[in-house]
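For reference, query_3.cif (mmCIF, C-alpha atoms):
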data_data
#
loop_
_atom_site.label_atom_id
_atom_site.label_comp_id
_atom_site.auth_asym_id
_atom_site.auth_seq_id
_atom_site.Cartn_x
_atom_site.Cartn_y
_atom_site.Cartn_z
CA MET K 1 76.85 170.94 -58.66
CA VAL K 2 79.14 167.94 -58.13
CA LEU K 3 78.24 167.63 -54.44
CA VAL K 4 74.50 167.50 -55.16
CA LEU K 5 74.80 165.29 -58.24
CA MET K 6 77.08 162.75 -56.59
CA GLY K 7 75.95 162.95 -52.97
CA CYS K 8 72.21 163.18 -53.53
CA GLY K 9 72.61 160.91 -56.56
CA ALA K 10 74.04 158.21 -54.30
CA ALA K 11 71.20 158.71 -51.81
CA VAL K 12 68.69 158.21 -54.62
CA SER K 13 70.47 155.26 -56.24
CA LEU K 14 70.98 153.48 -52.92
CA GLY K 15 67.49 154.33 -51.66
CA CYS K 16 68.96 155.81 -48.48
CA ASP K 17 66.88 154.77 -45.47
CA SER K 18 68.32 155.89 -42.15
CA VAL K 19 66.12 153.51 -40.14
CA ASN K 20 65.94 150.27 -42.11
CA ASP K 21 69.04 150.22 -44.32
CA GLN K 22 72.28 151.16 -42.59
CA ALA K 23 74.40 150.15 -45.58
CA SER K 24 72.71 152.83 -47.69
CA VAL K 25 73.52 155.39 -44.99
CA VAL K 26 77.21 154.50 -45.11
CA GLY K 27 77.23 154.62 -48.90
CA THR K 28 75.53 158.01 -48.98
CA ALA K 29 77.88 159.42 -46.35
CA MET K 30 80.88 158.21 -48.31
CA ALA K 31 79.54 159.76 -51.53
CA PHE K 32 79.18 163.20 -49.96
CA GLY K 33 82.59 163.02 -48.32
CA LEU K 34 84.37 161.76 -51.43
CA SER K 35 82.70 164.50 -53.50
CA VAL K 36 84.28 167.09 -51.24
CA VAL K 37 87.69 165.39 -51.33
CA ALA K 38 87.61 165.20 -55.14
CA MET K 39 86.58 168.82 -55.63
CA ALA K 40 88.93 170.13 -52.92
CA TYR K 41 91.89 168.83 -54.88
CA ALA K 42 90.34 169.85 -58.21
CA ILE K 43 89.40 173.47 -57.48
CA GLY K 44 90.83 174.15 -54.02
CA GLY K 45 93.72 176.05 -55.59
CA ILE K 46 91.27 178.23 -57.52
CA SER K 47 88.60 179.16 -54.99
CA GLY K 48 89.36 177.28 -51.80
CA CYS K 49 86.49 174.92 -52.72
CA HIS K 50 83.94 176.15 -50.17
CA ILE K 51 80.94 174.74 -52.12
CA ASN K 52 78.88 175.52 -49.02
CA PRO K 53 77.40 178.89 -47.93
CA ALA K 54 77.85 177.93 -44.26
CA ILE K 55 81.59 177.52 -44.82
CA THR K 56 81.73 180.78 -46.75
CA LEU K 57 79.96 182.56 -43.88
CA GLY K 58 82.43 181.09 -41.40
CA VAL K 59 85.37 182.16 -43.55
CA PHE K 60 83.93 185.67 -43.93
CA LEU K 61 83.26 186.08 -40.19
CA SER K 62 86.80 184.84 -39.52
CA GLY K 63 88.11 187.77 -41.55
CA ARG K 64 89.49 185.74 -44.45
CA MET K 65 87.35 187.19 -47.26
CA SER K 66 85.43 190.33 -48.20
CA ALA K 67 81.66 190.77 -47.99
CA LYS K 68 81.47 191.08 -51.79
CA ASP K 69 83.31 187.80 -52.35
CA CYS K 70 81.19 186.16 -49.65
CA GLY K 71 77.96 187.16 -51.41
CA MET K 72 79.20 186.06 -54.84
CA TYR K 73 80.43 182.71 -53.51
CA MET K 74 77.03 182.01 -51.94
CA LEU K 75 75.16 183.00 -55.11
CA PHE K 76 77.13 180.66 -57.32
CA GLN K 77 77.05 177.84 -54.77
CA ILE K 78 73.25 177.96 -54.89
CA ILE K 79 73.31 178.07 -58.69
CA GLY K 80 75.62 175.05 -58.70
CA GLY K 81 73.27 173.19 -56.38
CA LEU K 82 70.32 173.98 -58.64
CA ILE K 83 72.21 172.68 -61.69
CA GLY K 84 73.18 169.49 -59.86
CA ALA K 85 69.57 168.93 -58.76
CA ALA K 86 68.29 169.60 -62.29
CA LEU K 87 70.69 167.03 -63.76
CA LEU K 88 69.74 164.48 -61.12
CA CYS K 89 66.05 165.18 -61.75
CA LEU K 90 66.59 164.58 -65.47
CA LEU K 91 68.32 161.27 -64.77
CA VAL K 92 65.61 160.13 -62.37
CA ILE K 93 62.78 161.03 -64.76
CA SER K 94 64.51 159.29 -67.65
CA SER K 95 64.76 156.15 -65.53
CA GLY K 96 60.98 155.80 -65.30
CA THR K 97 58.15 156.66 -62.94
CA GLU K 98 58.75 153.78 -60.54
CA PHE K 99 62.36 154.79 -59.98
CA ALA K 100 61.33 158.43 -59.60
CA VAL K 101 58.85 157.61 -56.86
CA SER K 102 61.37 155.42 -55.02
CA GLY K 103 64.12 157.97 -55.46
CA ALA K 104 63.64 159.56 -52.03
CA GLY K 105 62.70 162.89 -53.57
CA LEU K 106 66.11 163.55 -55.18
CA GLY K 107 67.81 163.28 -51.83
CA ALA K 108 65.97 166.31 -50.46
CA ASN K 109 66.52 166.91 -46.78
CA GLY K 110 63.66 166.23 -44.40
CA LEU K 111 62.91 165.58 -40.77
CA GLN K 112 63.25 161.87 -40.19
CA GLU K 113 60.77 159.67 -38.35
CA GLY K 114 60.16 160.92 -34.82
CA ILE K 115 62.30 164.07 -35.20
CA SER K 116 60.71 167.45 -34.38
CA ALA K 117 61.51 170.73 -36.11
CA THR K 118 63.40 171.81 -32.99
CA GLY K 119 65.40 168.59 -32.94
CA GLY K 120 66.21 168.90 -36.63
CA LEU K 121 67.28 172.53 -36.25
CA LEU K 122 69.54 171.70 -33.31
CA ALA K 123 71.12 168.84 -35.24
CA GLU K 124 71.87 171.10 -38.21
CA ILE K 125 73.35 173.78 -35.97
CA ILE K 126 75.53 171.39 -33.98
CA PHE K 127 76.86 169.31 -36.87
CA THR K 128 77.43 172.32 -39.11
CA CYS K 129 79.37 174.00 -36.32
CA VAL K 130 81.63 170.95 -36.00
CA PHE K 131 82.09 170.68 -39.76
CA VAL K 132 82.88 174.36 -40.35
CA LEU K 133 85.25 174.37 -37.37
CA VAL K 134 87.19 171.53 -39.03
CA VAL K 135 87.32 173.54 -42.27
CA LEU K 136 88.56 176.69 -40.54
CA GLY K 137 91.20 174.77 -38.60
CA ALA K 138 92.40 172.57 -41.45
CA THR K 139 92.81 175.52 -43.83
CA SER K 140 94.30 177.97 -41.36
CA LYS K 141 97.72 179.40 -42.22
CA THR K 142 98.72 178.75 -38.61
CA ASN K 143 98.12 175.03 -39.05
CA GLY K 144 101.29 174.01 -40.82
CA ALA K 145 101.04 170.38 -39.71
CA THR K 146 97.90 169.46 -41.64
CA ASN K 147 97.33 172.23 -44.16
CA ASN K 148 98.44 170.13 -47.14
CA PHE K 149 95.90 167.47 -46.22
CA ALA K 150 93.00 169.89 -45.66
CA GLY K 151 90.90 168.43 -48.48
CA LEU K 152 91.14 164.92 -47.08
CA ALA K 153 90.43 166.05 -43.52
CA ILE K 154 87.38 168.06 -44.60
CA GLY K 155 85.99 165.27 -46.77
CA LEU K 156 86.40 162.66 -44.04
CA SER K 157 84.78 164.96 -41.49
CA LEU K 158 81.79 165.31 -43.80
CA VAL K 159 81.51 161.52 -43.93
CA LEU K 160 81.52 161.49 -40.13
CA VAL K 161 78.90 164.24 -39.93
CA HIS K 162 76.62 162.37 -42.33
CA LEU K 163 76.93 159.12 -40.39
CA ALA K 164 75.84 160.91 -37.22
CA CYS K 165 73.25 163.31 -38.67
CA ILE K 166 71.40 161.42 -41.43
CA ARG K 167 69.08 159.87 -38.83
CA TYR K 168 67.86 163.34 -37.84
CA THR K 169 67.57 165.41 -41.01
CA GLY K 170 69.13 163.47 -43.86
CA THR K 171 72.09 165.80 -43.23
CA SER K 172 72.30 169.19 -44.89
CA VAL K 173 74.97 171.28 -43.10
CA ASN K 174 74.89 173.16 -46.43
CA PRO K 175 72.03 175.42 -47.65
CA ALA K 176 73.13 175.14 -51.29
CA ARG K 177 72.95 171.34 -51.06
CA SER K 178 69.36 171.59 -49.76
CA ILE K 179 67.75 174.28 -51.92
CA GLY K 180 68.10 172.62 -55.33
CA PRO K 181 66.86 169.14 -54.32
CA ALA K 182 63.95 170.62 -52.34
CA ILE K 183 62.75 172.51 -55.41
CA PHE K 184 63.19 169.73 -57.95
CA ALA K 185 61.89 167.01 -55.61
CA GLN K 186 58.37 168.23 -56.34
CA VAL K 187 58.89 167.38 -60.01
CA VAL K 188 59.47 163.68 -59.30
CA GLY K 189 56.78 163.36 -56.66
CA GLY K 190 59.02 163.76 -53.65
CA PRO K 191 57.80 164.62 -50.13
CA VAL K 192 55.57 167.70 -49.97
CA THR K 193 57.44 168.77 -46.83
CA ALA K 194 60.69 169.28 -48.75
CA LEU K 195 59.96 172.97 -49.31
CA SER K 196 58.03 173.67 -46.09
CA ASN K 197 60.95 172.39 -44.00
CA LEU K 198 63.63 174.03 -46.15
CA TRP K 199 64.06 176.90 -43.68
CA ILE K 200 65.58 174.45 -41.18
CA PHE K 201 68.34 173.58 -43.64
CA ILE K 202 69.10 177.22 -44.32
CA VAL K 203 68.88 178.70 -40.83
CA GLY K 204 70.56 175.78 -39.05
CA PRO K 205 73.73 175.66 -41.18
CA PHE K 206 74.13 179.44 -41.15
CA VAL K 207 73.85 179.57 -37.35
CA GLY K 208 76.25 176.64 -37.03
CA GLY K 209 78.74 178.27 -39.39
CA ALA K 210 78.60 181.53 -37.46
CA LEU K 211 79.15 179.71 -34.15
CA ALA K 212 82.15 177.90 -35.61
CA SER K 213 83.73 181.21 -36.61
CA VAL K 214 83.33 182.50 -33.05
CA ILE K 215 84.89 179.36 -31.58
CA TRP K 216 87.76 179.51 -34.05
CA ARG K 217 88.50 183.15 -33.22
CA VAL K 218 88.82 182.11 -29.57
CA ILE K 219 91.12 179.11 -30.11
CA GLU K 220 93.10 180.15 -33.22
CA PRO K 221 96.87 180.16 -32.52
CA ALA K 222 98.60 183.52 -32.83
CA GLU K 223 101.58 181.99 -34.63
CA LYS K 224 102.12 179.20 -37.15
CA VAL K 225 102.45 175.78 -35.55
CA ASP K 226 105.17 173.58 -37.13
#
Let me see the structure of the file written as structure tokens.
Amino acid sequence: MVLVLMGCGAAVSLGCDSVNDQASVVGTAMAFGLSVVAMAYAIGGISGCHINPAITLGVFLSGRMSAKDCGMYMLFQIIGGLIGAALLCLLVISSGTEFAVSGAGLGANGLQEGISATGGLLAEIIFTCVFVLVVLGATSKTNGATNNFAGLAIGLSLVLVHLACIRYTGTSVNPARSIGPAIFAQVVGGPVTALSNLWIFIVGPFVGGALASVIWRVIEPAEKVD
């Protein structure tokens, strides 16, 4: 909920334009990354603060959680994303029609100018793989050197991913972040492609998360590194 409300909220407020307004791209990237940092230190000790089904899949495939917990995490991540999108939709509508139309469809993901479905899918797979690999490494029990700073490392890596990926897809790397805004974007007159392209932002992150778990299983140290 917080990730969508703050991250997509920043994209809407700043009018994020990956081609013509680079400052808005930086601001949006920072908002998503800072949302993760804030929540990692707020609820990391409770749930590990996945807030992303692709991360949960990577954790599950790495043998760190049960299938039941994996399914429940994903369910409530999607519910959280829907709540965040609903709140943002309410704020945008209350701000007036003009703001709603210029609100970039509640920050819904979409293929950017000149980007094909194949290109967008590849971008989501590649950048999700990098992001989830950082999560798996930073939170590993064998990584004694950086474990206490996992939240900061993960948040900053999400900033980096957004800076590189926004130009292609608006950056999802998280199905729960994409589903809610895609649904509610229709309410405020967002792009009609938000739902038709949604599959890219579900399939891509899941494939990327699965690939990251495979890579981590190959490179994970057998013993704790001091």
(request) To one decimal in Å, tell me the separation between atom CA of K:Leu88 and atom CA of K:Tyr168. (result)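 It comes out at 23.4 Å.
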(request) Would you mind listing what lies within 10 Å of stretch 64-78 of chain K as a list in words, with all atoms listed in the file counted and same-chain residues fewer than 6 positions away left out? (result)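 Counting only the stated atoms, we get Met1, Ser47, Cys49, His50, Ile51, Asn52, Pro53, Ala54, Ile55, Thr56, Leu57, Gly58, Gly84, Leu136, Ser140, Asn174, Pro175, Ala176, Arg177, Ser178, Ile179 and Gly180 of chain K.
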With C-alpha atoms retained, could you export that selection as a tab-separated table (two decimals), in the coordinates of the input?
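Saved as out-v2.tsv:
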chain	number	residue	atom	x	y	z
K	1	MET	CA	76.85	170.94	-58.66
K	47	SER	CA	88.60	179.16	-54.99
K	49	CYS	CA	86.49	174.92	-52.72
K	50	HIS	CA	83.94	176.15	-50.17
K	51	ILE	CA	80.94	174.74	-52.12
K	52	ASN	CA	78.88	175.52	-49.02
K	53	PRO	CA	77.40	178.89	-47.93
K	54	ALA	CA	77.85	177.93	-44.26
K	55	ILE	CA	81.59	177.52	-44.82
K	56	THR	CA	81.73	180.78	-46.75
K	57	LEU	CA	79.96	182.56	-43.88
K	58	GLY	CA	82.43	181.09	-41.40
K	84	GLY	CA	73.18	169.49	-59.86
K	136	LEU	CA	88.56	176.69	-40.54
K	140	SER	CA	94.30	177.97	-41.36
K	174	ASN	CA	74.89	173.16	-46.43
K	175	PRO	CA	72.03	175.42	-47.65
K	176	ALA	CA	73.13	175.14	-51.29
K	177	ARG	CA	72.95	171.34	-51.06
K	178	SER	CA	69.36	171.59	-49.76
K	179	ILE	CA	67.75	174.28	-51.92
K	180	GLY	CA	68.10	172.62	-55.33
(message) So, with all atoms listed in the file as the atoms that count, which of K:Gly209, K:Gly107, K:Gly151, K:Gly119 lies closest to K:Phe131?
(response)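 Result for the nearest residue to K:Phe131: K:Gly209.
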Quick check on the file I pasted: which residues fall under the PyMOL selection byres ((chain K and resi 19) around 10)? Write them as an mmCIF file with C-alpha atoms, in the coordinates of the input.
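Dumped to expr-v1.cif:
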data_model
loop_
_atom_site.group_PDB
_atom_site.id
_atom_site.type_symbol
_atom_site.label_atom_id
_atom_site.label_comp_id
_atom_site.auth_asym_id
_atom_site.auth_seq_id
_atom_site.Cartn_x
_atom_site.Cartn_y
_atom_site.Cartn_z
ATOM 1 C CA CYS K 16 68.960 155.810 -48.480
ATOM 2 C CA ASP K 17 66.880 154.770 -45.470
ATOM 3 C CA SER K 18 68.320 155.890 -42.150
ATOM 4 C CA ASN K 20 65.940 150.270 -42.110
ATOM 5 C CA ASP K 21 69.040 150.220 -44.320
ATOM 6 C CA GLN K 22 72.280 151.160 -42.590
ATOM 7 C CA VAL K 25 73.520 155.390 -44.990
ATOM 8 C CA GLN K 112 63.250 161.870 -40.190
ATOM 9 C CA GLU K 113 60.770 159.670 -38.350
ATOM 10 C CA ILE K 166 71.400 161.420 -41.430
ATOM 11 C CA ARG K 167 69.080 159.870 -38.830
#
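When all atoms listed in the file are used to measure the gap to K:Val130, the shortest distance among K:Ala164, K:Ile93, K:Met39, K:Leu111 belongs to K:Ala164.
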(request) Mind checking which residues fall within 12 Å of stretch 31-36 of chain K, counting all atoms listed in the file, ignoring those fewer than 5 positions away in the same chain, and posting them as a VMD selection string? (result) chain K and resid 1 to 14 16 24 to 26 41 to 44 48 to 52 107 131 135 150 to 163 166 170 to 174 177
(message) For a quick check of understanding, using all atoms listed in the file, which of K:Ile215, K:Cys165, K:Ala29, K:Ala210 has the smallest distance to K:Gly110?
(response) K:Cys165
(request) Convert the output of the PyMOL selection byres ((chain K and resi 121) around 12) on the shown file into explicit residues, formatted as a count of residues only. (result) 35
(message) Considering only C-alpha atoms, can you say which of K:Ser196, K:Ser95, K:Thr28, K:Thr139 comes closest to K:Ala40?
(response)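 Of K:Ser196, K:Ser95, K:Thr28, K:Thr139, the one nearest K:Ala40 is K:Thr139, counting only C-alpha atoms.
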(request) Rank K:Gly105, K:Gly96, K:Gly81, K:Pro221 by their smallest atom-to-atom distance to K:Lys141, using only C-alpha atoms, and report the top residue only. (result) K:Pro221
(message) Can you measure atom CA of K:Ser213 to atom CA of K:Gly45 for me? One decimal in Å is fine.
(response)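 Answer for the atom CA of K:Ser213 to atom CA of K:Gly45 separation: 22.1 Å.
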(message) Just checking: using only C-alpha atoms, which residue out of K:Pro181, K:Gly189, K:Gly63, K:Gly137 ends up closest to K:Gly80?
(response)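 Counting only C-alpha atoms, the residue closest to K:Gly80 is K:Pro181.
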(request) For atom CA of K:Leu82 and atom CA of K:Leu211, determine how far apart the two atoms are, in Å to one decimal place. (result)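 Value for the atom CA of K:Leu82-atom CA of K:Leu211 distance: 26.7 Å.
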